[in-house]
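Have a look at protein-v1.cif; it's mmCIF, C-alpha atoms:
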data_my_file
loop_
_atom_site.label_atom_id
_atom_site.label_comp_id
_atom_site.auth_asym_id
_atom_site.auth_seq_id
_atom_site.Cartn_x
_atom_site.Cartn_y
_atom_site.Cartn_z
CA MET A 81 273.10 207.12 162.07
CA ASP A 82 276.77 207.69 161.34
CA LYS A 83 278.91 204.87 160.06
CA ILE A 84 280.94 203.15 162.74
CA LYS A 85 284.64 203.79 162.26
CA ILE A 86 287.09 200.92 162.61
CA GLY A 87 290.83 201.43 162.50
CA ILE A 88 293.09 198.99 160.68
CA LEU A 89 296.75 199.65 161.41
CA THR A 90 299.45 197.59 159.72
CA CYS A 91 302.79 197.83 161.52
CA SER A 92 305.51 196.79 159.09
CA ASP A 93 308.77 198.32 157.90
CA ARG A 94 308.52 196.56 154.54
CA ALA A 95 304.83 197.19 153.83
CA SER A 96 305.21 200.87 154.78
CA ALA A 97 308.16 201.14 152.36
CA ASN A 98 306.11 199.46 149.58
CA ILE A 99 308.54 196.54 149.45
CA TYR A 100 305.53 194.26 149.56
CA GLU A 101 301.76 194.55 149.48
CA ASP A 102 299.89 194.75 152.76
CA ILE A 103 297.91 191.54 152.53
CA SER A 104 297.39 191.41 156.32
CA GLY A 105 295.53 194.72 156.57
CA LYS A 106 293.36 193.70 153.63
CA GLU A 107 292.57 190.39 155.37
CA ILE A 108 291.27 192.30 158.41
CA ILE A 109 289.04 194.44 156.19
CA LYS A 110 287.78 191.33 154.36
CA PHE A 111 286.92 189.64 157.69
CA LEU A 112 285.08 192.72 158.98
CA GLU A 113 283.11 193.03 155.72
CA GLU A 114 282.04 189.40 156.11
CA VAL A 115 280.96 189.57 159.76
CA LEU A 116 279.61 193.06 160.48
CA SER A 117 276.03 193.90 159.66
CA ASN A 118 276.44 197.57 160.69
CA GLU A 119 277.49 200.16 158.17
CA TRP A 120 281.11 200.89 158.93
CA GLU A 121 284.02 202.84 157.54
CA PRO A 122 287.65 201.70 157.64
CA VAL A 123 290.35 204.09 158.82
CA TYR A 124 293.35 202.34 157.27
CA LYS A 125 297.02 203.14 157.81
CA ILE A 126 300.39 201.49 157.32
CA VAL A 127 303.33 202.52 159.50
CA PRO A 128 306.87 201.26 160.02
CA ASP A 129 307.79 199.33 163.17
CA GLU A 130 308.46 202.44 165.27
CA LYS A 131 306.98 202.43 168.77
CA GLU A 132 306.27 206.17 169.00
CA LEU A 133 304.76 206.30 165.50
CA ILE A 134 302.51 203.32 166.25
CA ALA A 135 301.44 204.88 169.57
CA SER A 136 300.72 208.18 167.83
CA CYS A 137 298.58 206.46 165.17
CA LEU A 138 296.65 204.54 167.83
CA ARG A 139 295.92 207.78 169.71
CA GLU A 140 294.86 209.53 166.50
CA MET A 141 292.55 206.68 165.47
CA ALA A 142 290.95 206.60 168.93
CA GLU A 143 290.73 210.30 169.70
CA LYS A 144 290.59 212.18 166.40
CA ASP A 145 289.03 209.55 164.12
CA GLN A 146 286.86 208.13 166.95
CA CYS A 147 287.30 204.51 165.92
CA ALA A 148 285.26 202.17 168.12
CA LEU A 149 287.62 199.31 167.30
CA ILE A 150 291.26 199.48 166.23
CA VAL A 151 292.81 196.29 164.91
CA THR A 152 296.56 196.16 164.40
CA THR A 153 298.54 193.58 162.47
CA GLY A 154 302.24 192.88 162.69
CA GLY A 155 304.98 193.66 165.15
CA THR A 156 303.88 191.11 167.76
CA GLY A 157 306.84 188.71 167.57
CA PRO A 158 310.07 188.60 169.58
CA ALA A 159 312.31 190.43 167.07
CA SER A 160 313.86 193.72 168.15
CA ARG A 161 311.71 195.72 165.68
CA ASP A 162 308.46 194.08 166.93
CA VAL A 163 307.06 196.81 169.20
CA THR A 164 303.31 196.89 168.58
CA PRO A 165 302.34 195.49 172.01
CA GLU A 166 304.61 198.03 173.74
CA ALA A 167 303.01 200.89 171.78
CA THR A 168 299.56 199.54 172.65
CA GLU A 169 300.40 199.27 176.35
CA GLN A 170 301.82 202.81 176.25
CA VAL A 171 298.52 204.35 175.12
CA CYS A 172 295.92 202.15 176.85
CA GLN A 173 294.29 202.92 180.19
CA LYS A 174 293.36 199.25 180.70
CA MET A 175 294.85 196.08 179.27
CA LEU A 176 292.78 193.02 178.36
CA PRO A 177 295.26 190.11 178.42
CA GLY A 178 292.53 187.52 177.83
CA PHE A 179 292.47 188.46 174.14
CA GLY A 180 296.14 187.56 173.67
CA GLU A 181 295.80 184.42 175.77
CA LEU A 182 292.94 183.14 173.61
CA MET A 183 294.66 184.07 170.34
CA ARG A 184 297.84 182.20 171.34
CA GLN A 185 295.78 179.19 172.44
CA ILE A 186 294.01 179.08 169.06
CA SER A 187 297.24 179.63 167.09
CA LEU A 188 298.97 176.80 168.98
CA GLN A 189 296.55 174.41 167.26
CA TYR A 190 298.24 175.35 163.98
CA VAL A 191 301.88 176.21 164.76
CA PRO A 192 304.14 175.55 167.77
CA THR A 193 305.72 178.99 167.35
CA ALA A 194 302.49 180.65 168.52
CA ILE A 195 304.09 180.85 171.97
CA LEU A 196 306.42 183.50 170.51
CA SER A 197 303.52 185.82 169.69
CA ARG A 198 302.79 188.72 172.01
CA GLN A 199 299.32 189.85 170.90
CA THR A 200 297.35 191.80 173.43
CA ALA A 201 294.37 194.14 173.65
CA GLY A 202 293.45 197.22 175.61
CA ILE A 203 291.15 200.19 176.04
CA LEU A 204 291.94 203.75 174.98
CA GLY A 205 288.99 206.00 175.85
CA THR A 206 286.01 204.46 174.08
CA SER A 207 288.16 202.45 171.67
CA LEU A 208 289.07 198.78 171.89
CA ILE A 209 292.53 198.06 170.47
CA VAL A 210 293.35 194.47 169.46
CA ASN A 211 296.82 193.40 168.29
CA LEU A 212 296.88 190.59 165.74
CA PRO A 213 299.78 188.69 164.22
CA GLY A 214 300.96 189.55 160.72
CA LYS A 215 300.21 186.28 158.91
CA PRO A 216 296.86 186.46 157.02
CA SER A 217 295.71 182.94 157.97
CA ALA A 218 296.53 183.62 161.64
CA ILE A 219 294.60 186.89 161.44
CA ARG A 220 291.42 185.08 160.46
CA GLN A 221 291.91 182.35 163.08
CA CYS A 222 292.48 184.91 165.82
CA LEU A 223 289.61 187.19 164.82
CA GLU A 224 287.19 184.27 164.64
CA ALA A 225 288.21 183.33 168.19
CA VAL A 226 287.95 186.75 169.86
CA PHE A 227 285.26 188.50 167.84
CA PRO A 228 282.28 187.05 169.77
CA ALA A 229 283.42 189.19 172.74
CA VAL A 230 284.29 192.36 170.80
CA PRO A 231 280.81 193.94 170.49
CA TYR A 232 280.02 193.48 174.19
CA CYS A 233 283.40 194.91 175.16
CA ILE A 234 282.63 197.97 173.03
CA ASP A 235 279.22 198.21 174.75
CA LEU A 236 280.94 198.23 178.15
CA ILE A 237 283.26 201.11 177.18
CA GLU A 238 280.28 203.10 175.84
CA GLY A 239 281.10 202.69 172.17
CA PRO A 240 278.59 202.12 169.34
CA PHE A 241 276.40 199.02 169.14
CA LEU A 242 278.18 196.56 166.84
CA GLU A 243 276.08 193.89 165.19
CA CYS A 244 277.36 190.79 163.44
CA LYS A 245 275.81 188.43 160.93
CA GLU A 246 274.50 185.62 163.15
CA GLY A 247 275.42 182.80 160.80
CA ILE A 248 279.07 183.88 160.83
CA VAL A 249 279.84 185.18 164.33
CA LYS A 250 277.71 184.50 167.38
CA VAL A 251 278.14 187.61 169.50
CA PHE A 252 277.88 187.13 173.25
CA ARG A 253 275.86 189.68 175.19
CA PRO A 254 274.44 188.79 178.62
CA LYS A 255 270.69 188.53 178.92
CA LYS A 256 269.13 191.58 180.57
#

Please express what this file holds, its structure, as structure tokens.
Amino acid sequence: MDKIKIGILTCSDRASANIYEDISGKEIIKFLEEVLSNEWEPVYKIVPDEKELIASCLREMAEKDQCALIVTTGGTGPASRDVTPEATEQVCQKMLPGFGELMRQISLQYVPTAILSRQTAGILGTSLIVNLPGKPSAIRQCLEAVFPAVPYCIDLIEGPFLECKEGIVKVFRPKK
């Protein structure tokens, strides 16, 4: 069986210009290594906060690289350069606002500024795209909250069967 491909896309002017290290993208990879029991392969990219470039990378990861899951980090705030949700909405056939709603709800337990975050999720072909914030601790909090639904969502869009380590993430799949 082929390794499942998962896209990790960091959207950051400064990280893409090597002004600072991309700790956020590495945090996503670390989380996935901890929770997934499938063999998987990261498709990892860093791009500046440019809507068309982000949209192009999302399309490439979904269509050319055939990533079952694409997780973005950064560009979800209210600043003028924060355009990741717009790029995601541009490429997706269906939006899944419940992901963003849950992530904001979880983040509000830690910081009152979570209401400024615009994370979302959507479907592009057989790929699930999830936008995460850029702060590493928030990435883990958000992924822990939404990941129980991720494998079943990928099942529903006819992607590969994702399995998680039971002691870490309890995946929800309805009984047949």

- Sel. within 12 Å of pt (297.3, 192.0, 170.7), counting all atoms listed in the file, output as JSON, numbers by chain: {"A": [150, 151, 152, 153, 154, 155, 156, 157, 162, 163, 164, 165, 166, 167, 168, 169, 172, 175, 176, 177, 178, 179, 180, 181, 182, 183, 184, 197, 198, 199, 200, 201, 202, 203, 208, 209, 210, 211, 212, 213, 214, 219, 222, 223, 226]}

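Of the residues under consideration (A:Lys250, A:Lys245, A:Arg220, A:Lys125), A:Lys125 shows the shortest atom-to-atom contact distance to Asp102 in chain A when counting all atoms listed in the file.
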
- Check the smallest atom-to-atom distance from each of A:Ile86, A:Pro158, A:Ile248, A:Val171 to Leu196 in chain A using only C-alpha atoms, then report the winner. A:Pro158

- Task: Would you be able to write out as a PyMOL selection string which residues have an atom within 12 Å of (288.8, 210.2, 178.2) in the file's coordinates, counting only C-alpha atoms?
- Result: chain A and resi 139+142-143+146+171-173+203-207+237-238

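Across the structure, CA of Asp129 in chain A and CA of Thr90 in chain A are spaced 9.2 Å apart.
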
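The spacing separating CA of Gln189 in chain A from CA of Glu224 in chain A amounts to 13.8 Å.
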
- Write out as a ChimeraX atom specification the residues lying within 9 Å of Cys244 in chain A, counting only C-alpha atoms and excluding same-chain residues fewer than 2 positions away. /A:114-118,228,231,242,246-251
